[in-house]
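**Student:** Here you go, one structure.
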Amino acid sequence: TDLQAMLQRNPDKQEAWLALGEAWIVKARELAKPLYYANAGACAAIVLVQQPDNRLALELQGLVLMNDHQFEEARAKMDFVTKRWPDDPVGWGTLSDALFDLGRLDESIRAQKHFLADAAHQLKTPLAGLRTQAELAEREIEAGHHDPEALRASLRQIASASQNAAHMVDQLLAMARVEHILVSHSHLDHILSIGLLADSVMRARRVAGRGPITV
């Protein structure tokens, strides 16, 4: 793939390792292949060797730990992330999921509220980036200076990112509607997975200005 080829040429490029890790998580969820999370964890570990406090790598590790049902380890890691970066929605989202699976429901709801507030704010920048990309593509077409293959790739990126953003907004609205529900063991089926939304934020905030990711 493009990312893997890039890493063969430049194995110290941290951003590429992080993007590859995110792509493995997306692929794991799309194909229902949880073993792909191990690949994401390996990508995060490579970055953390060079930069132990890399926030994005720590977030990836949190998602991997959740997949492995290591909920206490995920909680501890995301507790560190949210204290170090209190406006980080991915950290709050994964922390909420970890607390929920540990049975600490009141704390999970508090973390969920942090996530909702921060996620709504984080959505604004990638959505603005998508609009800019669409406007640039339109200008290229009008000027007659466009590369058809590059244009098709750009349009695919815009379509995919806008779909992800729309899905996330729908889930945020759904969460707002059910927020009044009293959390108890009889209502567990009503609780939405914050970790999935956190993953959407991670993908949305990095999509502006970057082509499609494949592994």
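Residue numbering restarts at 1 in every chain; chains get A, B, ... in the order shown in the structure tokens, and ligands count up from 1 in that same order.
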Name the residues in contact with Ser96 of chain A at a cut-off of 8 Å, using only C-alpha atoms, excluding same-chain residues fewer than 4 positions from it; report them as an NGL selection string.

**Tutor:** :A and (92 or 100 or 107-112 or 194-195)

**Student:** For the residues in the current selection, export N, CA and C atoms as a compact mmCIF listing (two decimals), in the first residue's frame.

**Tutor:**
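And here's result-v4.txt as it stands now:
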```
# COMPACT_ATOMS: atom_id res chain seq x y z
N TRP A 92 -11.25 11.00 26.13
CA TRP A 92 -12.46 10.94 26.94
C TRP A 92 -13.38 9.83 26.48
N PHE A 100 -17.11 2.17 31.69
CA PHE A 100 -18.38 1.46 31.56
C PHE A 100 -18.17 -0.05 31.70
N GLU A 107 -18.97 7.41 36.65
CA GLU A 107 -17.75 8.00 36.09
C GLU A 107 -17.77 7.93 34.57
N SER A 108 -18.32 6.85 34.04
CA SER A 108 -18.42 6.69 32.59
C SER A 108 -19.28 7.79 31.98
N ILE A 109 -20.38 8.12 32.64
CA ILE A 109 -21.27 9.16 32.14
C ILE A 109 -20.59 10.52 32.19
N ARG A 110 -19.82 10.78 33.25
CA ARG A 110 -19.11 12.06 33.32
C ARG A 110 -18.08 12.17 32.20
N ALA A 111 -17.36 11.08 31.92
CA ALA A 111 -16.40 11.10 30.83
C ALA A 111 -17.11 11.26 29.49
N GLN A 112 -18.28 10.64 29.38
CA GLN A 112 -19.07 10.75 28.15
C GLN A 112 -19.45 12.20 27.87
N ILE A 194 -19.02 4.66 23.05
CA ILE A 194 -18.30 5.90 22.87
C ILE A 194 -17.00 5.66 22.12
N GLY A 195 -16.42 4.49 22.31
CA GLY A 195 -15.16 4.20 21.64
C GLY A 195 -15.28 4.28 20.13
```

**Student:** Which neighbours of Val64 of chain A fall inside 10 Å, counting only C-alpha atoms, when residues of the same chain fewer than 4 positions from it are skipped, and could you give them as a count of residues only?

**Tutor:** 18

**Student:** Using atom CA of Ile46 of chain A and atom CA of Leu18 of chain A as the two end points, give the distance in Å to one decimal.

**Tutor:**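 Pair atom CA of Ile46 of chain A / atom CA of Leu18 of chain A returns 9.3 Å.
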
**Student:** Which one is closest to Ile158 of chain A: A:Arg29, A:Arg139, A:Arg131, A:Arg75? Count only C-alpha atoms.

**Tutor:**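 Using only C-alpha atoms, Ile158 of chain A sits closest to A:Arg131.
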
**Student:** Leaving out Pro89 of chain A and any residue of its chain fewer than 2 positions from it, which residues lie within 6 Å of it when counting only C-alpha atoms, given as a PDB file with N, CA and C atoms, in the first residue's frame?

**Tutor:**
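New file result.pdb:
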```pdb
ATOM      1  N   GLY A  91      -9.494  10.619  23.923  1.00  0.00           N
ATOM      2  CA  GLY A  91      -9.152  10.145  25.252  1.00  0.00           C
ATOM      3  C   GLY A  91     -10.376   9.994  26.142  1.00  0.00           C
ATOM      4  N   TRP A  92     -11.247  11.001  26.130  1.00  0.00           N
ATOM      5  CA  TRP A  92     -12.462  10.938  26.943  1.00  0.00           C
ATOM      6  C   TRP A  92     -13.382   9.825  26.479  1.00  0.00           C
ATOM      7  N   GLY A  93     -13.476   9.630  25.155  1.00  0.00           N
ATOM      8  CA  GLY A  93     -14.362   8.589  24.634  1.00  0.00           C
ATOM      9  C   GLY A  93     -13.919   7.201  25.042  1.00  0.00           C
ATOM     10  N   PHE A 115     -16.588  13.988  26.444  1.00  0.00           N
ATOM     11  CA  PHE A 115     -16.409  13.582  25.053  1.00  0.00           C
ATOM     12  C   PHE A 115     -17.363  14.326  24.129  1.00  0.00           C
ATOM     13  N   ASP A 118     -16.311  18.001  23.643  1.00  0.00           N
ATOM     14  CA  ASP A 118     -15.081  18.166  22.870  1.00  0.00           C
ATOM     15  C   ASP A 118     -15.242  17.680  21.436  1.00  0.00           C
ATOM     16  N   ALA A 119     -16.020  16.605  21.234  1.00  0.00           N
ATOM     17  CA  ALA A 119     -16.198  16.066  19.889  1.00  0.00           C
ATOM     18  C   ALA A 119     -16.931  17.058  18.996  1.00  0.00           C
TER      19      ALA A 119
END
```

**Student:** My list of candidates is A:Ser154, A:Lys113, A:Asp106, A:Lys27. Which is closest to Glu140 of chain A when distances are computed with only C-alpha atoms?

**Tutor:**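 Of all the options, A:Ser154 lies closest to Glu140 of chain A.
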
**Student:** Using only C-alpha atoms, which protein or nucleic acid residues come within 8 Å of Gln133 of chain A? Drop anything in the same chain fewer than 3 positions from it, and give the result as a PyMOL selection string.

**Tutor:** chain A and resi 129-130+136-137+154+158+209

**Student:** Just C-alpha atoms for this one: save the residues we selected as a JSON list (two decimals), in the first residue's frame.

**Tutor:**
```json
[["chain", "number", "residue", "atom", "x", "y", "z"],
["A", 129, "GLY", "CA", -11.41, 21.41, 5.52],
["A", 130, "LEU", "CA", -13.80, 19.33, 3.46],
["A", 136, "LEU", "CA", -10.46, 23.83, -4.71],
["A", 137, "ALA", "CA", -11.55, 20.86, -6.81],
["A", 154, "SER", "CA", -9.97, 13.93, -3.80],
["A", 158, "ILE", "CA", -14.50, 14.10, 0.45],
["A", 209, "GLY", "CA", -5.52, 17.58, 3.51]]
```

**Student:** Any idea what the distance is between atom CA of Arg152 of chain A and atom CA of Trp24 of chain A?

**Tutor:** 23.4 Å

**Student:** Could you tell me how far atom CA of Thr94 of chain A lies from atom CA of Ala45 of chain A, in Å and to one decimal?

**Tutor:** 18.1 Å
